[in-house]
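Here is the structure we will look at, set down as structure tokens.
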Amino acid sequence: MTGRSEPGLDVVLLCGGRGVRAYPDTAEIPKPLLEVGGRPVVEHVMDIYARQGHTRFLLAGGYRYDLLAERYSVSPPGRRVEVFDTGLDADKGDRLRAVAPRCGGERFLASYADGLGDVDLSELIRFHQERGAAATVTTVPLPSQYGTLAAGTDGRVTEFLENPVLTDHWINAGFFVFERAAVEDSSGDLETEVLPALARDGRLYAFRHQGFWQSMDTYKDRQDLQSLLDSGRAPWLGPGGGEAV
């Protein structure tokens, strides 16, 4: 990791979804406040940014906004946290557009509130700047939830891999860099309309991250992250890197 990017950029964290895949844990608590290691997962996400010099966080809340607002009515030491009610049923594009005008400067960082990774933010921002991008998304190789196998022409299995990482396919891991104007001028949902429109215009770039990344979508994901903490192997707590290609 190359260290901090100065000055720190504002960070928008998307915290408004209902977290249906994590039900029943999210029946009363928004997913960003589900705990890993005794702390809300969103605070682990904040740590990733704060360690690299980005300490102002704008939380785009929705579902159980009241609990987020109560939790961060006083900002944690060393960081400034503001919570905004962006609507219960707003999509991610709506939430981003609602909060983007509150960001200082013409560029800001953004991510999901439940994805952890050892992303080198300095390299990510440099990659974005050098390409004159309107938006940059961090991508990671697709982790398969299924085992794969290879077989010969006679049907004999020659290889079996449990939950392989499919390096020919890359997925959206969050950890975005946005030019504020690109967000404010957009319309529609983030993943299905905003990002595809920027890609069609040649203004969206992908930063390939080869290090650790895991989202906390389900109860099992939460268990896996807890197991990493319990074993002393939590890569998001230490340095990592990305490959800018």
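In the structure tokens, chains take the letters A, B, ... in the order shown, each chain's residues start at 1, and ligands count up from 1 in the order shown.
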Would you list the contacts of region 51-63 of chain A as number ranges by chain, taking every protein, DNA or RNA residue within 7 Å and counting only C-alpha atoms, but skipping same-chain residues closer than 3 positions in sequence? A: 3-6, 8-18, 30, 47-48, 79-88, 95, 99
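Look at Asp94 (chain A): the protein and nucleic acid residues within 10 Å of it, using only C-alpha atoms and passing over chain neighbours fewer than 6 places away, are Ala60, Thr86, Gly87, Val183, Glu184, Ser186, Ser187, Gly188, Asp189 and Leu190 of chain A.
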Write out as number ranges by chain all residues of region 10-245 of chain A that backbone DSSP assigns to strand (DSSP E). A: 11-15, 35-36, 39-40, 56-61, 80-85, 107-112, 115-117, 135-143, 148-151, 157-161, 165-172, 176-179, 204-208, 213-215
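With CA of Phe178 (chain A) on one side and CA of Ala134 (chain A) on the other, the separation reads 6.1 Å.
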